[in-house]
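Report on the structure given below.
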Amino acid sequence: MASAFGILRIRRVQSLPEQAEELFVLCEPFVFNTHLFPISPQPYWSMLAMNFRGPFRIRADRNRPDPEIKHPYDAIVRVTRSLICGSDLHLYHGLVPDTRVGMTFGHEFTGVVEAVGSGVQKLKVGDHVLVPFNIACGTCPFCKQELYGNCHESNPEATAVGGFFGYAHIAGGYDGGQAEYVRVPYADVSPTVIPKGMDIEDAVMLTDVTPTGYQAAEQGGIQKGDTVVVFGAGPVGIMSARCAWLFGAGRVIIIDRLEYRLEFAKKYAYCEAYNFKEMDDPVLFLKKATDWYGADVCIDAVGCDATGSTLQNILGKKLLLEAGNATALHWAINSVKKGGIVSVIGVYGPPWNLVPMGSLMNKGITLRGNQASVKRLLPKLIDHVMSGRLNPKGLISHRIPLEEVPDAYHMFSAKRDNIIKPLLIPPRAYAA
C-alpha cells in the first residue's frame with residue numbers, strides 16, 4: 001500500500017498482551033522505535049492465493065495467513081499443481097449462491113505434505129499426494145456407500161452435496177488449492193500418494209476432471225454398441241466422450257458451439273463432433289443421425305452455464321430466477337431414445353431449473369447424476385493411466401504461474417487462445 005511517506009506494511013505486534021494484540025501499520029522508511037514496538041521479521045499475511053472479489057473480479061495476492069492444523073485429522077499440503085475447472089467459472093460468473101468475497105477457489109490440486117495432525121496415520125510429511133475434490137469423512141452412512149461426494153460430516157448443513165475444496169459455502173466454505181498451501185481435513189481418507197512413475201500432470205487431472213468424465217460415462221449404463229451423445233466439449237465433456245469407449249460404446253458424438261474445442265475433441269476422444277450453431281434444431285439433427293430413435297445415452301456435461309436458448313439465458317443467467325441455463329439438459333432429455341438414460345454431470349446450483357418433466361416421464365427415461373466419487377474411482381483410473389489407456393494430461397493446454405491467475409480466469413471464461421484446460425503452478429511448487 002503506497003503513501004506519500006513510503007510503503008505501508010502490515011505487521012503483527014508480538015509483545016502486547018493477547019487481549020490487546022492487533023495489527024499496526026508501520027510506515028517505512030519512517031520506522032517506530034523497535035524497542036517499544038518489536039515487529040516480526042516477515043509479514044503476517046504471507047501466502048499467495050487466488051482471492052475472489054465478486055463476479056468477474058479476482059486477484060492473486062498475499063491475502064491469507066498460512067493455514068494451520070485445526071483438527072487431529074488435518075494435514076497441511078504445499079501445492080505443487082492446481083487446475084481451473086469449468087465449475088470454477090460458474091463461481092466466477094456469479095451463478096452459484098453463497099460464493100463469498102475473499103474466498104480462494106480451486107478443487108483440483110496436488111501437493112507435498114508439510115504437516116499432519118496427531119490423528120493422521122496413513123500420510124507422513126514429505127508424501128506427494130493428489131487430493132480429490134471431495135472432502136469425505138469416510139465413516140458417515142454415505143461414505144460407507146462410497147458416495148464420497150455426499151459426505152454428511154464434511155458439510156452437515158446441506159441436504160444434498162458434501163464438502164468440496166474451494167467452492168461456495170453451500171459446499172462447506174473450505175478454501176481451495178489455487179494457493180501455495182491448503183488445509184486438508186480427513187487427511188487419512190481421500191488424499192492418495194502419487195504412484196511412482198506417474199507424471200504429476202496426470203496426477204492432478206485425477207483429482208476431478210478425469211473421474212468426473214469417467215463417472216458421467218459410468219452413470220450412462222453404456223452397453224456394447226450404444227450411441228452416446230455428449231453435450232459440451234469442455235474438459236469434462238471431452239473426457240466423458242473418451243471414457244465412453246472404455247464402456248463399449250459403438251458411436252460417440254459431441255455437441256458444442258466452439259470450433260476449436262470440437263476439433264480438439266475429435267482428435268483426443270476419437271468422436272464425431274458437431275456445432276449446434278450450424279443446426280436449426282439440435283434435437284432434430286440428433287434424431288436424424290440416429291434413424292429417428294434417439295441416442296441410447298445422453299450426457300449433460302455443461303450444467304448451468306449453457307447457451308442456446310434466449311429464454312433460459314434470461315431466466316437463469318440474467319434474472320437468476322432459476323439455477324442457470326439448463327438448455328443442455330433439455331436437449332439431452334429430448335434427444336435420448338425412449339427408455340434411454342440421461343447422465344447429468346454438469347453443475348447446477350440450487351434451487352431449481354425448468355426441466356421437461358413430461359418428456360422425462362412419458363419416454364420412460366432414467367435420469368442419473370451426482371458429484372464424482374473420486375476415491376471410489378481412483379484405483380481403476382490409476383490403472384487406466386499407468387497402462388496408457390487414458391492420457392489425462394493431454395487435455396492441459398496452458399501452464400500458467402499462480403501469480404497470473406486473474407489472466408488465466410479471463411482467458412478461460414472468454415475462451416481465448418484455444419484454451420481447453422489451464423494448469424496453475426504456484427511459486428513454491430519446486431521448494432525443497
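Note on naming: chains are A, B, ... as they come in the C-alpha cells, residues start from 1 per chain, ligands start from 1 in the order shown.
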Which residues of segment 221-329 of chain A have any atom within 9 Å of an atom in segment 85-99 of chain A when counting only C-alpha atoms, and what is the closest pair of atoms for each, with the distance in Å to one decimal? Order the rows by chain and rising number and write it as CSV.
```
residue,atom,partner,partner_atom,distance
A:Gly234,CA,A:Gly86,CA,7.4
A:Pro235,CA,A:Gly86,CA,7.8
A:Val236,CA,A:Gly86,CA,8.2
A:Val302,CA,A:Gly86,CA,8.6
A:Gly303,CA,A:Ser87,CA,8.6
A:Cys304,CA,A:His90,CA,7.5
A:Asp305,CA,A:His90,CA,6.7
A:Gly316,CA,A:Leu95,CA,8.5
A:Lys317,CA,A:Leu95,CA,7.1
A:Leu320,CA,A:Leu95,CA,7.8
A:Ala323,CA,A:Leu95,CA,7.2
A:Gly324,CA,A:Leu95,CA,6.4
```
List every residue of segment 39-164 of chain A that DSSP, applied to the backbone, labels as helix (DSSP H, G or I), and write the result as a PyMOL selection string. chain A and resi 86-92+141-144+148-150
I need the residue nearest Pro356 of chain A from this list: A:Asn313, A:Asn155, A:Gln371, A:Asn334. Use only C-alpha atoms for the distance.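 Once distances to Pro356 of chain A are computed over only C-alpha atoms, the minimum belongs to A:Asn334.
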What are the closest atom pairs, with distances in Å to one decimal, for each residue of segment 154-245 of chain A lying within 8 Å of segment 265-285 of chain A, using only C-alpha atoms, rows by chain and rising residue number, as JSON lines?
```
{"residue": "A:Ala233", "atom": "CA", "partner": "A:Ala265", "partner_atom": "CA", "distance": 6.7}
{"residue": "A:Ile238", "atom": "CA", "partner": "A:Ala265", "partner_atom": "CA", "distance": 5.7}
{"residue": "A:Met239", "atom": "CA", "partner": "A:Ala269", "partner_atom": "CA", "distance": 7.2}
{"residue": "A:Ala241", "atom": "CA", "partner": "A:Ala269", "partner_atom": "CA", "distance": 5.8}
{"residue": "A:Arg242", "atom": "CA", "partner": "A:Ala269", "partner_atom": "CA", "distance": 4.3}
```
Those same residues - C-alpha atoms - I'd like them written as a JSON list (two decimals), in the first residue's frame.
```
[["chain", "number", "residue", "atom", "x", "y", "z"],
["A", 233, "ALA", "CA", -16.83, -30.04, -25.38],
["A", 238, "ILE", "CA", -14.20, -34.40, -23.83],
["A", 239, "MET", "CA", -13.13, -36.81, -21.09],
["A", 241, "ALA", "CA", -16.52, -38.92, -24.70],
["A", 242, "ARG", "CA", -13.11, -40.57, -24.35]]
```
May I ask which of the residues A:Tyr148, A:Ala429, A:Asp256, A:His169 is the closest one to His128 of chain A, counting only C-alpha atoms? A:Ala429
Considering only C-alpha atoms, can you say which of A:Val204, A:Cys137, A:Leu315, A:Ala244 comes closest to Pro422 of chain A? A:Val204
In Å to one decimal, how far is atom CA of Ser240 of chain A from atom CA of Arg389 of chain A?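 We find that atom CA of Arg389 of chain A and atom CA of Ser240 of chain A lie 13.9 Å from each other.
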Set the distance at 9 Å and use only C-alpha atoms: which residues neighbour segment 218-224 of chain A once local chain neighbours fewer than 3 positions away are removed? I'd like the list as a PyMOL selection string. chain A and resi 213-215+227-228+243-244+247-250+296-299+340-344+367-370
Give me, as a PyMOL selection string, all polymer residues having an atom no more than 12 Å from Arg428 of chain A, counting only C-alpha atoms and skipping those fewer than 4 positions away in the same chain. chain A and resi 47-49+77-81+111-112+179-181+401-403+424+432
Using only C-alpha atoms for the distances, tell me which of A:Phe165, A:Trp352, A:Phe412, A:Trp331 is nearest to Phe231 of chain A.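 Looking only at the distances to Phe231 of chain A, the closest residue turns out to be A:Trp331.
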Per DSSP on the backbone, filter segment 308-339 of chain A down to the residues in strand (DSSP E) and report them as a PDB file with C-alpha atoms, in the first residue's frame.
```pdb
ATOM      1  CA  VAL A 336     -32.327 -39.620 -25.910  1.00  0.00           C
ATOM      2  CA  LYS A 337     -34.372 -42.613 -27.044  1.00  0.00           C
ATOM      3  CA  LYS A 338     -37.432 -43.952 -25.260  1.00  0.00           C
ATOM      4  CA  GLY A 339     -36.212 -45.868 -22.247  1.00  0.00           C
TER       5      GLY A 339
END
```
Pick out the residues sitting within 12 Å of Arg416 of chain A, and hand them over as a count of residues only; count only C-alpha atoms, and ignore anything fewer than 2 positions along from it in its own chain. 18
